[in-house]
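Participant: One structure follows; several queries about it will come next.
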Amino acid sequence: MTKPNDFNEESLPSATSSTENLPVETNKNDSDTTNDHKNKAIFTFNVVYRVMRSLFLIGILAISALGFLGVGLGLGYFASLVSDVKVPTKEELTQKINDVEQQSKILYAEGELVSVIKSDLIRTSVKSEDISPLIKQALVATEDENFYDHKGIVPKALIRATISDVTGLGGSSGGSTITQQIIKQQVLTSETSYKRKASEIVLALRTEKFFSKEELLTSYLNVSPFGRNNRGENIAGIEEAAMGIFGVHAKDVTLPQAAFLAGLPQSPINYTPYTNLGEFKENFDAGLKRKDDVLFNMYREKKINKKEYEEAKAYDLTQDFRKPEAPQNDQSGYLYNYLYEEAADVLAPIYYEKDGITKEEYEASNDLKIKYKEITKRELRQDGYTVHTTIDKNIHNAMQEAVAQYGPMLDDGRGQTLETSSILMDNQTGRIYGFIGGRDYNQSQYNRAFDAYRSPGSTIKPILAYAPAIDVGLIGSESRLSDYPKKYNSGQEINNFSDKGSSSFKTAREALTWSLNIPVVNLYDELLNHTNPKSYFDKMNITTVNPNDYGNQSIPLGGTDFTVLEETSAYATLANKGVYNQGYSISKITDNAGNVIYEHKMNPVQVYKPSTASIMNDMMRDVVNKGTGQPAKETLQGMGSGLANADWVGKTGTSDEQKDYWFTASTPKITMSSWIGYDDASPMYDNWNKQNMYYWAYVTNYVYQQNPDIFGVNERFELDPTVSHQQVVDFTGEKPASFNTDGYNMSLTHEKTKTSLYSNGNAAPDSKFRFGIGGTDENYRDAWNSYIKPKDEKKPSKEKNKPAPKKETKKED
């Protein structure tokens, strides 16, 4: 019998052999039968064994092949990620790691310094010997227990972190050594792509070749953020942390203090005991629990013994926290903060586009906006940029002096500061010369010129109702609009500034001059049938208006919100022949070597036809010279200032319940806005609209004394050559014509006419019974009766010399 391990194919009978050659046994005994069963079992076992062993070996080979392939692909992918990484020299790394910031600065338009860009972090670097060994031991035990053994990275930690990241299993497992964290903080951005991680690995290995462990540890402790101090200031570096939280130097901390400080860099704002105002948080649980974790890590790594661990853990560390103190006054003012934020905004596309993010994705995500705002601010603080601005130092300073001098005239004696904001803008370019963010920066840092959303009141009428209506040919300057009493569709009565409606039809020019409400509501209702007014605001980047507001009847009266910047830009557009240029204050930004990394480029957009804009300026001249804006002009004249001779056009605005007062006016060269109101939207006195115009005149004249050239006093607004001058009947605002109504032939071919200005390519319609816009049939019968009665004796040309007949229909237009 063949042994199992000697079993082979030759021991088997041939499949083709004849049965006659086999021995014939007719009487088998029990022993032979048992042997046959045993042979079959051995045979089966050997077959299964051989098959399983073959499959196992094949599996091992396959897994090995896949493993080698995976390793090869991984190495290839890693190589592709780092193929364009610029490996810095030792000198470059030293500068990046240890030179925390290259000072950036902001300049006025003339090149003078506005301010050095201040770091959000207060930082004091110290030498290694000035840092307690307890802090170093706590940090290494918690952040990187293999710090003194590895060469910059820990492969198994990287693999664990990668598997966790890819599979989503195991939570956040980290994987970064202290060296890698230095590279991430000081050399690379905080962007979390695989390419950045690969670059981090290469640079960490490089860094370990140049610096000792002690140098790296000291650098980490000097550059890392540590939360807030007892004045609410952001702090970085172990010395500021020790002094700002415990009032001791980093070399003098106790064990529990060292453990608390070493735990902060993981989540500094979360673990710090102070709020951004320097006040104590409601509880310190997060930071104290983190301190206990650090102490345990030190005990586990045998840096402290059990007794030291238990005593430090039991110690009431809260008694060591410094008492809150008042934050130091920030004297930088509105200008610095605004320009710093604006510079960060204009730089953001450079960074998010580099990461493959589109503008649409960025605009739709608040998280992305916050992330890249922080990245750009960090770059601005550290990389030696120069921010060149459009701000004229003399003009801007004059605006600050003017608000300090004349701002008190706004106060109404109720003991609450009435706030204000203004922007002075060049019409042709959108350049911002200067602005007023509020009455007193030390009292309130809220920049109302750019950040406040307020109802524009009637200053919205020219830009959203009248100009679009003229632009599409719906009206001319003398078209008639119903001023008969009217209610909103909701049933609420519409009130004019001084009455409920004059029971007459007003010309568009007259309605604008006196800022009448009912006529513009009638106009806007009809305008919605001819165009989408939102399209005009879209072209001017007025994005703060809720899209749903455009369908509301109240929006042409100010029933929405936008900023002083948006309003100023819109009026500058009308003053610039209908061409919009985005208001801007950053002209360019250069890096430390003088290379331009950002430069403002004008992108002019034709919002209104040139003819439309010139008609609007012609009408708004009446607002300033004899309408609601006359107090501003008269105040300038009373000063004996040459500024009164400028060709001012503009508009007043009052929001619902007198919560906002506006006056915005332009010359052919500049636009100057003024908003006043309470931050809590309390109502003002109903005559304070005039006070705002007096104030506007004083401030504008004060700036004029500093730089009269920018105002263009000798320039005049002219009607565009394409404006159509239409002769219209004074009464109807439409062309002279004959028509029949209810059997009465009316002839207005010999009536008194006047010139109505129409935008390019548009013409006045023929006169008819329902002339103009708005009103019911009853309103028109009343108007015709009022017109005809005084003419009875003069026998006007018509078949029957009597009033137009009344109709039963009372349907509203």
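Ordered as shown in the structure tokens, chains take letters A, B, and onward, while each chain numbers its residues from 1 and ligands are numbered from 1 in the order shown.
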Excluding same-chain residues fewer than 5 positions from range 343-359 of chain A, what lies within 10 Å of it counting only C-alpha atoms, as a ChimeraX atom specification?
Facilitator: /A:106,189,191-193,337-338,364,368-369,371-380,387-389,585-589,597-600
Participant: For N, CA and C atoms, I'd like the residues from the last selection saved as a short mmCIF file (atom, residue, chain, number, x, y, z; two decimals), in the first residue's frame.
Facilitator:
```cif
data_model
loop_
_atom_site.label_atom_id
_atom_site.label_comp_id
_atom_site.auth_asym_id
_atom_site.auth_seq_id
_atom_site.Cartn_x
_atom_site.Cartn_y
_atom_site.Cartn_z
N ILE A 106 0.06 98.74 4.59
CA ILE A 106 -1.00 99.33 3.77
C ILE A 106 -0.63 100.79 3.50
N THR A 189 0.30 76.10 3.63
CA THR A 189 -0.99 76.61 4.09
C THR A 189 -1.69 75.52 4.88
N GLU A 191 -4.41 74.14 4.01
CA GLU A 191 -5.25 73.38 3.08
C GLU A 191 -4.98 71.89 3.25
N THR A 192 -6.03 71.06 3.14
CA THR A 192 -5.92 69.67 3.56
C THR A 192 -5.87 68.68 2.39
N SER A 193 -5.34 69.05 1.26
CA SER A 193 -5.28 68.13 0.13
C SER A 193 -4.14 67.14 0.33
N ASN A 337 -9.00 98.65 9.56
CA ASN A 337 -9.79 97.42 9.60
C ASN A 337 -10.48 97.15 8.27
N TYR A 338 -11.04 98.21 7.67
CA TYR A 338 -11.73 98.04 6.39
C TYR A 338 -10.75 97.60 5.30
N ALA A 364 -21.04 80.17 -2.71
CA ALA A 364 -22.19 79.43 -2.15
C ALA A 364 -21.89 78.82 -0.78
N LEU A 368 -16.29 77.83 3.18
CA LEU A 368 -15.15 78.14 2.31
C LEU A 368 -14.72 79.59 2.45
N LYS A 369 -15.70 80.48 2.58
CA LYS A 369 -15.36 81.89 2.74
C LYS A 369 -14.57 82.12 4.02
N LYS A 371 -12.81 79.88 5.67
CA LYS A 371 -11.52 79.19 5.56
C LYS A 371 -10.50 80.04 4.79
N TYR A 372 -10.89 80.51 3.61
CA TYR A 372 -9.93 81.23 2.78
C TYR A 372 -9.72 82.67 3.25
N LYS A 373 -10.67 83.21 3.97
CA LYS A 373 -10.44 84.52 4.59
C LYS A 373 -9.32 84.41 5.62
N GLU A 374 -9.33 83.32 6.37
CA GLU A 374 -8.28 83.12 7.37
C GLU A 374 -6.93 82.88 6.71
N ILE A 375 -6.94 82.12 5.62
CA ILE A 375 -5.68 81.87 4.91
C ILE A 375 -5.09 83.17 4.37
N THR A 376 -5.93 83.98 3.72
CA THR A 376 -5.41 85.22 3.14
C THR A 376 -4.97 86.21 4.22
N LYS A 377 -5.68 86.23 5.34
CA LYS A 377 -5.25 87.10 6.43
C LYS A 377 -3.90 86.67 6.97
N ARG A 378 -3.72 85.37 7.08
CA ARG A 378 -2.43 84.85 7.55
C ARG A 378 -1.32 85.25 6.59
N GLU A 379 -1.57 85.12 5.29
CA GLU A 379 -0.56 85.50 4.31
C GLU A 379 -0.26 87.00 4.38
N LEU A 380 -1.30 87.79 4.55
CA LEU A 380 -1.11 89.24 4.65
C LEU A 380 -0.27 89.60 5.88
N VAL A 387 0.02 96.66 0.37
CA VAL A 387 -1.33 96.90 -0.13
C VAL A 387 -1.43 98.36 -0.55
N HIS A 388 -1.59 98.59 -1.85
CA HIS A 388 -1.72 99.94 -2.39
C HIS A 388 -3.20 100.28 -2.50
N THR A 389 -3.62 101.40 -1.94
CA THR A 389 -5.04 101.73 -1.90
C THR A 389 -5.36 102.99 -2.70
N SER A 585 -11.30 100.09 -3.34
CA SER A 585 -10.33 100.82 -2.52
C SER A 585 -8.94 100.21 -2.57
N ILE A 586 -8.78 99.00 -3.14
CA ILE A 586 -7.48 98.36 -3.28
C ILE A 586 -7.08 98.43 -4.75
N SER A 587 -6.03 99.18 -5.04
CA SER A 587 -5.60 99.30 -6.43
C SER A 587 -4.69 98.15 -6.85
N LYS A 588 -3.77 97.74 -5.97
CA LYS A 588 -2.93 96.58 -6.25
C LYS A 588 -2.27 96.09 -4.97
N ILE A 589 -1.77 94.85 -5.02
CA ILE A 589 -1.03 94.27 -3.90
C ILE A 589 0.24 93.66 -4.47
N ILE A 597 0.79 90.79 -7.32
CA ILE A 597 0.02 89.55 -7.22
C ILE A 597 -1.48 89.80 -7.36
N TYR A 598 -1.88 91.05 -7.25
CA TYR A 598 -3.28 91.43 -7.50
C TYR A 598 -3.29 92.87 -8.01
N GLU A 599 -4.12 93.12 -9.00
CA GLU A 599 -4.31 94.49 -9.49
C GLU A 599 -5.76 94.67 -9.90
N HIS A 600 -6.35 95.76 -9.42
CA HIS A 600 -7.75 96.02 -9.77
C HIS A 600 -7.87 96.31 -11.26
#
```
Participant: So that I can see what lies close to Val223 in chain A, please list as a list of chain:residue names the residues with an atom at most 7 Å from it, counting only C-alpha atoms and leaving out residues fewer than 3 positions away in the same chain.
Facilitator: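 In the requested form, the answer reads A:Val100, A:Ser219, A:Tyr220, A:Ala236, A:Gly237.
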Participant: At what distance in Å, to one decimal, does CA of Gly774 in chain A lie from CA of Lys487 in chain A?
Facilitator: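 Going from CA of Lys487 in chain A over to CA of Gly774 in chain A, I get 12.0 Å.
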Participant: Any idea what's packed within 9 Å of range 312-316 of chain A, counting only C-alpha atoms, ignoring anything in its chain fewer than 2 positions away? Could you give it as a short mmCIF file (atom, residue, chain, number, x, y, z; two decimals) with C-alpha atoms, in the first residue's frame?
Facilitator:
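Output saved as out.cif:
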```
data_model
loop_
_atom_site.label_atom_id
_atom_site.label_comp_id
_atom_site.auth_asym_id
_atom_site.auth_seq_id
_atom_site.Cartn_x
_atom_site.Cartn_y
_atom_site.Cartn_z
CA THR A 254 4.55 74.47 37.71
CA LEU A 255 3.74 70.93 36.54
CA PRO A 256 -0.06 71.47 36.26
CA GLN A 257 0.54 74.81 34.52
CA ALA A 259 0.43 70.42 31.31
CA LYS A 291 -4.66 69.17 31.07
CA ASP A 292 -5.47 65.86 32.77
CA LEU A 295 -0.56 64.66 32.72
CA PHE A 296 -1.54 61.06 32.06
CA LYS A 307 2.63 60.78 43.11
CA GLU A 308 3.47 63.77 40.90
CA TYR A 309 0.71 62.76 38.50
CA GLU A 310 -1.96 62.46 41.17
CA THR A 318 -8.33 77.68 38.21
CA GLN A 319 -6.89 79.63 41.13
CA ASP A 320 -3.80 80.31 39.00
#
```
Participant: I'd like the neighbourhood of range 278-290 of chain A as a PyMOL selection string, where a residue qualifies if any of its atoms comes within 10 Å (using only C-alpha atoms), though same-chain residues fewer than 6 positions away should be ignored.
Facilitator: chain A and resi 228-233+256+259-264+266-272+296+313+316-318+321-327
Participant: Identify, on the basis of only C-alpha atoms, every residue whose closest approach to Gly473 in chain A does not exceed 7 Å; exclude the query and any residue fewer than 2 positions from it along the same chain; express the result as a ChimeraX atom specification.
Facilitator: /A:469-471,475,758-759,762
Participant: Just the selected residues (C-alpha atoms), exported as a PDB file, in the first residue's frame, please.
Facilitator:
```pdb
ATOM      1  CA  ALA A 469     -39.043 103.238 -16.819  1.00  0.00           C
ATOM      2  CA  ILE A 470     -37.344 105.900 -18.937  1.00  0.00           C
ATOM      3  CA  ASP A 471     -34.853 103.326 -20.232  1.00  0.00           C
ATOM      4  CA  ILE A 475     -42.308 107.340 -19.680  1.00  0.00           C
ATOM      5  CA  TYR A 758     -37.424 110.439 -23.917  1.00  0.00           C
ATOM      6  CA  SER A 759     -34.592 107.965 -23.988  1.00  0.00           C
ATOM      7  CA  ASN A 762     -38.506 106.070 -27.714  1.00  0.00           C
TER       8      ASN A 762
END
```
Participant: Could you check the closest approach to Leu205 in chain A for each of A:Gln726, A:Ile178, A:Asn522, A:Asn714 and tell me which residue wins, using only C-alpha atoms?
Facilitator: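 Of A:Gln726, A:Ile178, A:Asn522, A:Asn714, the one nearest Leu205 in chain A is A:Ile178, counting only C-alpha atoms.
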